[in-house]
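J.: final-v3.cif is the file, holding mmCIF, C-alpha atoms:
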```
data_final
loop_
_atom_site.label_atom_id
_atom_site.label_comp_id
_atom_site.auth_asym_id
_atom_site.auth_seq_id
_atom_site.Cartn_x
_atom_site.Cartn_y
_atom_site.Cartn_z
CA MET A 1 -39.92 -7.43 6.15
CA SER A 2 -38.01 -10.22 4.50
CA HIS A 3 -38.94 -13.40 2.67
CA LEU A 4 -36.20 -15.29 4.49
CA GLY A 5 -35.62 -16.33 8.08
CA VAL A 6 -33.17 -14.38 10.22
CA ILE A 7 -30.34 -16.91 9.83
CA ALA A 8 -30.76 -17.24 6.05
CA THR A 9 -30.87 -13.44 5.74
CA TRP A 10 -27.54 -13.08 7.53
CA VAL A 11 -25.97 -15.93 5.52
CA VAL A 12 -26.83 -14.07 2.29
CA ILE A 13 -25.53 -10.76 3.70
CA PHE A 14 -22.27 -12.35 4.93
CA LEU A 15 -21.77 -14.01 1.55
CA LEU A 16 -22.23 -10.63 -0.13
CA VAL A 17 -19.89 -8.89 2.32
CA GLY A 18 -17.22 -11.62 2.02
CA LEU A 19 -17.19 -11.47 -1.78
CA ASN A 20 -17.23 -7.68 -1.79
CA SER A 21 -14.33 -7.46 0.60
CA ALA A 22 -12.35 -10.22 -1.15
CA GLY A 23 -12.73 -8.26 -4.39
CA ASP A 24 -11.39 -5.08 -2.81
CA MET A 25 -8.51 -6.80 -1.04
CA CYS A 26 -7.33 -8.84 -4.04
CA THR A 27 -7.53 -5.77 -6.29
CA ALA A 28 -5.55 -3.73 -3.77
CA LYS A 29 -2.94 -6.50 -3.49
CA ALA A 30 -2.67 -6.68 -7.28
CA MET A 31 -2.14 -2.92 -7.59
CA ARG A 32 0.46 -2.98 -4.81
CA ARG A 33 2.39 -5.62 -6.76
CA VAL A 34 2.09 -3.71 -10.03
CA GLY A 35 3.29 -0.48 -8.37
CA ASP A 36 2.58 3.20 -8.97
CA PHE A 37 1.06 3.62 -12.46
CA ALA A 38 2.68 7.02 -12.99
CA GLU A 39 6.16 5.68 -12.27
CA LEU A 40 5.52 2.58 -14.36
CA ARG A 41 4.33 4.67 -17.30
CA ARG A 42 7.51 6.70 -17.21
CA LYS A 43 9.55 3.49 -17.33
CA ALA A 44 7.56 1.27 -19.66
CA GLY A 45 4.86 3.42 -21.31
CA ILE A 46 1.10 3.08 -21.10
CA PHE A 47 1.21 -0.45 -22.57
CA GLY A 48 3.61 -1.37 -19.80
CA VAL A 49 0.94 -0.35 -17.27
CA VAL A 50 -1.76 -2.33 -19.11
CA ARG A 51 0.55 -5.35 -19.33
CA GLY A 52 1.49 -5.03 -15.67
CA VAL A 53 -2.19 -5.16 -14.67
CA LEU A 54 -3.21 -7.92 -17.10
CA THR A 55 -0.36 -10.24 -16.09
CA GLU A 56 -1.21 -9.93 -12.38
CA PRO A 57 -3.13 -13.02 -11.15
CA TRP A 58 -4.52 -11.20 -8.07
CA PHE A 59 -6.21 -8.73 -10.42
CA PHE A 60 -8.28 -11.51 -12.01
CA ILE A 61 -9.10 -13.11 -8.66
CA GLY A 62 -10.33 -9.68 -7.51
CA LEU A 63 -12.33 -9.20 -10.71
CA LEU A 64 -13.95 -12.64 -10.28
CA ALA A 65 -14.86 -11.86 -6.64
CA MET A 66 -16.34 -8.50 -7.68
CA ALA A 67 -18.40 -10.13 -10.44
CA LEU A 68 -19.68 -12.78 -8.02
CA SER A 69 -20.49 -10.12 -5.43
CA PHE A 70 -22.56 -8.29 -8.05
CA PHE A 71 -24.70 -11.40 -8.57
CA ALA A 72 -24.85 -11.96 -4.81
CA LEU A 73 -26.18 -8.38 -4.50
CA LEU A 74 -28.86 -9.07 -7.11
CA ALA A 75 -29.83 -12.26 -5.28
CA ALA A 76 -29.83 -10.47 -1.91
CA LEU A 77 -32.00 -7.64 -3.24
CA SER A 78 -34.56 -10.08 -4.61
CA LEU A 79 -34.77 -11.87 -1.23
CA ILE A 80 -34.22 -9.16 1.38
CA ASP A 81 -35.39 -5.54 1.65
CA LEU A 82 -33.12 -2.86 0.22
CA SER A 83 -33.27 -0.95 3.52
CA VAL A 84 -31.65 -3.95 5.26
CA VAL A 85 -29.17 -5.09 2.58
CA ILE A 86 -27.50 -1.77 1.77
CA PRO A 87 -26.66 -0.46 5.28
CA ALA A 88 -25.69 -3.93 6.54
CA SER A 89 -23.44 -4.75 3.60
CA ALA A 90 -21.89 -1.26 3.33
CA SER A 91 -20.91 -1.06 7.00
CA LEU A 92 -19.77 -4.69 7.34
CA THR A 93 -17.72 -4.52 4.12
CA PHE A 94 -16.06 -1.36 5.42
CA LEU A 95 -15.17 -3.03 8.71
CA LEU A 96 -13.89 -6.22 7.04
CA ASN A 97 -11.81 -4.17 4.58
CA LEU A 98 -10.21 -2.25 7.43
CA LEU A 99 -9.26 -5.53 9.17
CA GLY A 100 -8.12 -7.02 5.85
CA ALA A 101 -5.96 -3.95 5.17
CA LYS A 102 -4.16 -4.53 8.45
CA PHE A 103 -3.83 -8.33 8.50
CA PHE A 104 -3.92 -9.38 4.83
CA LEU A 105 -2.39 -6.38 3.06
CA LYS A 106 -0.15 -5.60 6.06
CA GLU A 107 -0.87 -1.87 5.82
CA HIS A 108 0.05 0.29 8.77
CA VAL A 109 -3.42 1.18 10.03
CA SER A 110 -2.40 4.01 12.38
CA ARG A 111 -4.49 5.44 15.19
CA ARG A 112 -5.42 8.25 12.82
CA ARG A 113 -6.79 5.72 10.31
CA TRP A 114 -8.70 3.70 12.91
CA LEU A 115 -10.28 6.90 14.20
CA SER A 116 -11.21 8.03 10.68
CA GLY A 117 -12.50 4.54 9.94
CA MET A 118 -14.71 4.51 13.04
CA LEU A 119 -16.07 8.00 12.23
CA VAL A 120 -16.88 6.96 8.67
CA LEU A 121 -18.36 3.64 9.81
CA GLY A 122 -20.63 5.42 12.29
CA GLY A 123 -21.56 7.88 9.57
CA ILE A 124 -22.51 5.09 7.15
CA VAL A 125 -24.74 3.47 9.78
CA LEU A 126 -26.48 6.79 10.54
CA LEU A 127 -26.86 7.72 6.88
CA ARG A 128 -28.19 4.40 5.72
CA THR A 129 -30.70 3.67 8.46
CA MET B 1 -0.34 14.87 -2.74
CA SER B 2 -0.44 16.02 -6.34
CA PHE B 3 -3.45 17.61 -8.02
CA LEU B 4 -3.88 14.59 -10.33
CA ARG B 5 -4.30 12.30 -7.32
CA TYR B 6 -7.10 14.45 -5.92
CA VAL B 7 -8.73 14.34 -9.36
CA LEU B 8 -8.55 10.51 -9.31
CA LEU B 9 -10.17 10.38 -5.86
CA ALA B 10 -12.90 12.75 -7.07
CA LEU B 11 -13.49 10.55 -10.15
CA ILE B 12 -13.90 7.49 -7.89
CA VAL B 13 -16.56 9.26 -5.84
CA LEU B 14 -18.39 10.88 -8.77
CA GLY B 15 -18.15 7.83 -11.06
CA SER B 16 -19.51 5.33 -8.53
CA THR B 17 -22.23 7.64 -7.15
CA PHE B 18 -23.64 8.89 -10.45
CA GLY B 19 -23.00 5.55 -12.21
CA ASP B 20 -25.31 3.86 -9.72
CA VAL B 21 -27.86 6.68 -9.96
CA TYR B 22 -28.09 6.50 -13.78
CA ILE B 23 -28.18 2.70 -13.93
CA ALA B 24 -30.99 2.66 -11.33
CA LYS B 25 -32.83 5.40 -13.24
CA GLY B 26 -32.49 3.56 -16.54
CA MET B 27 -33.53 0.18 -15.11
CA LYS B 28 -36.60 1.80 -13.58
CA GLN B 29 -37.59 3.20 -16.97
CA ILE B 30 -37.10 -0.18 -18.62
CA GLY B 31 -39.47 -1.64 -16.05
CA GLU B 32 -39.61 -4.85 -14.09
CA MET B 33 -37.76 -7.80 -15.57
CA SER B 34 -39.35 -11.19 -15.75
CA LEU B 35 -37.69 -14.55 -16.39
CA ARG B 36 -39.76 -15.03 -19.54
CA ARG B 37 -38.46 -11.77 -20.95
CA TRP B 38 -34.83 -12.33 -19.94
CA HIS B 39 -33.67 -11.14 -23.38
CA ASP B 40 -34.71 -7.60 -22.34
CA LEU B 41 -31.64 -7.67 -20.10
CA LEU B 42 -29.39 -8.06 -23.15
CA PHE B 43 -30.68 -4.78 -24.57
CA ALA B 44 -30.62 -2.93 -21.24
CA PRO B 45 -27.11 -1.47 -21.88
CA LEU B 46 -28.49 0.20 -25.02
CA HIS B 47 -30.80 2.35 -22.90
CA PRO B 48 -29.19 5.83 -22.78
CA TYR B 49 -29.25 6.10 -18.95
CA VAL B 50 -27.93 2.57 -18.45
CA ALA B 51 -25.20 3.23 -21.03
CA LEU B 52 -24.22 6.49 -19.31
CA GLY B 53 -24.20 4.72 -15.94
CA THR B 54 -21.99 1.95 -17.31
CA VAL B 55 -19.48 4.44 -18.74
CA LEU B 56 -19.39 6.24 -15.36
CA LEU B 57 -18.81 2.95 -13.53
CA MET B 58 -15.94 2.15 -15.94
CA ILE B 59 -14.40 5.55 -15.14
CA PHE B 60 -14.82 4.70 -11.44
CA TYR B 61 -13.12 1.32 -11.82
CA LEU B 62 -10.12 2.65 -13.77
CA SER B 63 -9.61 5.51 -11.27
CA TYR B 64 -9.95 2.98 -8.44
CA LEU B 65 -7.21 0.78 -9.95
CA ALA B 66 -4.94 3.78 -10.55
CA SER B 67 -5.48 5.08 -7.00
CA LEU B 68 -4.75 1.69 -5.43
CA SER B 69 -1.45 1.70 -7.33
CA TRP B 70 -0.19 4.55 -5.12
CA ALA B 71 -2.32 4.42 -1.98
CA ASP B 72 -3.36 1.92 0.69
CA LEU B 73 -6.82 0.34 0.67
CA SER B 74 -7.35 1.69 4.21
CA TYR B 75 -6.68 5.18 2.77
CA ILE B 76 -8.87 4.90 -0.34
CA MET B 77 -11.86 3.28 1.41
CA PRO B 78 -12.91 6.13 3.71
CA ALA B 79 -12.29 8.62 0.91
CA THR B 80 -14.65 6.76 -1.41
CA THR B 81 -17.47 6.70 1.16
CA PHE B 82 -17.80 10.43 0.50
CA GLY B 83 -20.19 9.32 -2.25
CA TYR B 84 -22.80 8.52 0.43
CA VAL B 85 -22.62 12.14 1.58
CA LEU B 86 -23.02 13.27 -2.00
CA THR B 87 -26.08 11.04 -2.47
CA ALA B 88 -27.73 12.35 0.71
CA LEU B 89 -26.99 15.99 -0.19
CA SER B 90 -28.23 15.63 -3.76
CA ALA B 91 -31.41 13.93 -2.47
CA HIS B 92 -31.94 17.00 -0.28
CA PHE B 93 -30.98 19.81 -2.64
CA MET B 94 -31.96 18.31 -6.02
CA LEU B 95 -34.94 16.14 -5.15
CA GLY B 96 -36.19 18.11 -2.17
CA GLU B 97 -36.22 15.08 0.15
CA SER B 98 -36.10 15.96 3.82
CA VAL B 99 -32.96 14.84 5.64
CA PRO B 100 -33.52 13.90 9.31
CA LEU B 101 -31.10 15.04 12.02
CA THR B 102 -29.47 11.59 12.36
CA ARG B 103 -28.48 11.73 8.68
CA TRP B 104 -26.98 15.20 9.06
CA ILE B 105 -24.89 13.83 11.94
CA GLY B 106 -23.87 10.91 9.68
CA ILE B 107 -22.89 13.36 6.92
CA ILE B 108 -20.74 15.36 9.35
CA MET B 109 -19.08 12.19 10.73
CA ILE B 110 -18.14 10.90 7.26
CA THR B 111 -16.87 14.33 6.19
CA LEU B 112 -14.71 14.61 9.32
CA GLY B 113 -13.38 11.07 8.88
CA VAL B 114 -12.50 11.65 5.23
CA GLY B 115 -10.84 15.00 5.95
CA PHE B 116 -8.87 13.41 8.77
CA ILE B 117 -7.55 10.50 6.70
CA THR B 118 -6.67 12.44 3.54
CA GLY B 119 -4.47 14.64 5.71
CA GLY B 120 -2.32 11.63 6.65
CA PRO B 121 0.11 9.50 4.59
CA SER B 122 -1.39 7.64 1.62
CA LEU B 123 0.97 4.66 1.40
CA THR B 124 2.45 2.70 4.30
CA VAL B 125 3.70 -0.46 2.56
CA ALA B 126 6.46 -0.63 -0.01
CA PRO B 127 5.55 -2.16 -3.38
CA THR B 128 6.52 -5.84 -3.23
CA PRO B 129 9.85 -6.60 -4.91
CA GLU B 130 8.24 -9.08 -7.30
CA GLY B 131 5.76 -6.41 -8.27
CA ILE B 132 7.39 -4.24 -10.86
CA SER B 133 10.25 -6.33 -12.14
CA PRO B 134 9.05 -9.71 -13.47
CA HIS B 135 6.24 -8.67 -15.80
CA ILE B 136 7.57 -5.42 -17.12
CA GLU B 137 10.55 -5.00 -19.37
CA VAL B 138 11.82 -1.52 -18.76
CA SER B 139 12.35 0.29 -22.03
CA SER B 140 14.98 2.97 -22.00
#
```
Could you spell out this file's structure in structure tokens?

T.:
Amino acid sequence: MSHLGVIATWVVIFLLVGLNSAGDMCTAKAMRRVGDFAELRRKAGIFGVVRGVLTEPWFFIGLLAMALSFFALLAALSLIDLSVVIPASASLTFLLNLLGAKFFLKEHVSRRRWLSGMLVLGGIVLLRT
Amino acid sequence: MSFLRYVLLALIVLGSTFGDVYIAKGMKQIGEMSLRRWHDLLFAPLHPYVALGTVLLMIFYLSYLASLSWADLSYIMPATTFGYVLTALSAHFMLGESVPLTRWIGIIMITLGVGFITGGPSLTVAPTPEGISPHIEVSS
């Protein structure tokens, strides 16, 4: 099934999930700091939006994490079966993002959102297995 | 929620789903890469399908950034997983693949979850005070 042992397989998957999630969280934090594009464009024009994004350090940290996660995906796919990597990384990234949204981004993850999240998470697992 | 915001969410889903599909299709046509022929990778973006896929992924990324500027990550995330449903449905209706019962249940669960979350509020944290002011000079 896989060219790696069980532990090494999970190390690769957790690395992929961590980078993926870090990319999403840093990007979300950056955009929260920049603020609503539509409002910003009204105030400072389209170049104001571009400048707002390009002067935001979290944006570049997010971009770096996303780029690294892309290479981690390539590495994972060359070592572990696609049918293991994709469902495992998709569902774990989703779960980590939901926790990150609550504790790192301090979003109000209401009961409605947890319920939706759990439905979607279950759906991903069923779809991808 | 305004019409434009629904369009952005749709672009996230369509861009990421079909971007991946076309890049995979193009890379399959190019054939297996080997370390000795690494320079093939440099020309991969010139392949029409890979190029189309890349443009779609760029559309996805820009819509993703714009959406995160007005909505929470925990709001955008479930909405974007709708792409999985789209992939499964297109595999069934366009490629004629059979979809087992467990996948249909998965499709229904994701659809319910997405419908449930898009009905709620999109933003629950205020933009941070240092966000808008320091970088942007407001032109009047």

J.: Could you tell me, as a ChimeraX atom specification, exactly which residues end up selected when the PyMOL selection byres ((chain A and resi 126) around 9) is applied to this structure?

T.: /A:87,121-125,127-129 /B:102-107

J.: For chain A, list the residues within 9 Å of chain B, counting only C-alpha atoms, and write the list as a ChimeraX atom specification.

T.: /A:24-25,27-38,40,43-45,48-49,51-52,55-56,94,97-102,105-109,112-113,115-129

J.: Using the chain letters and numbers from the file, give me the residues hit by the PyMOL selection byres ((chain A and resi 6-9) around 10), as a list of chain:residue names.

T.: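 Listing what the PyMOL selection byres ((chain A and resi 6-9) around 10) selects in the shown file: A:Ser2, A:His3, A:Leu4, A:Gly5, A:Trp10, A:Val11, A:Val12, A:Ile13, A:Phe14, A:Ala76, A:Leu79, A:Ile80, A:Asp81, A:Val84, A:Val85.
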
J.: Given only C-alpha atoms as the basis, pick out the residue of B:Thr80, B:Ser122, B:Thr54, B:Ser63 nearest to Val21 (chain B).

T.: B:Thr54

J.: Pull the neighbourhood of (-24.1, 5.5, -19.8) for me: all residues within 12 Å in file coordinates, counting only C-alpha atoms, as a list in words.

T.: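 Answer for this query, in the requested form: Gly15, Phe18, Gly19, Asp20, Val21, Tyr22, Ile23, Ala24, Lys25, Gly26, Met27, Ala44, Pro45, Leu46, His47, Pro48, Tyr49, Val50, Ala51, Leu52, Gly53, Thr54, Val55, Leu56, Leu57, Met58 and Ile59 of chain B.
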
J.: In Å, how far is it from CA of Leu74 (chain A) to CA of Leu9 (chain B)?

T.: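 That distance, rounded to one decimal, is 27.0 Å.
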
J.: For region 121-125 of chain B, take all atoms listed in the file, fit an axis-aligned box around them, add 5 Å to each of the six sides, then output centre and edge lengths in Å rounded to one decimal, as AutoDock Vina command-line options.

T.:
```
--center_x 1.2 --center_y 4.5 --center_z 3.0 --size_x 15.1 --size_y 20.0 --size_z 13.2
```

J.: Could you state the separation of CA of Ile61 (chain A) and CA of Arg42 (chain A) in Å, given to one decimal place?

T.: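 Those two atoms sit 27.2 Å apart.
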
J.: Between CA of Leu62 (chain B) and CA of Leu77 (chain A), what distance in Å does the model show, to one decimal?

T.: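 Those two atoms sit 26.4 Å apart.
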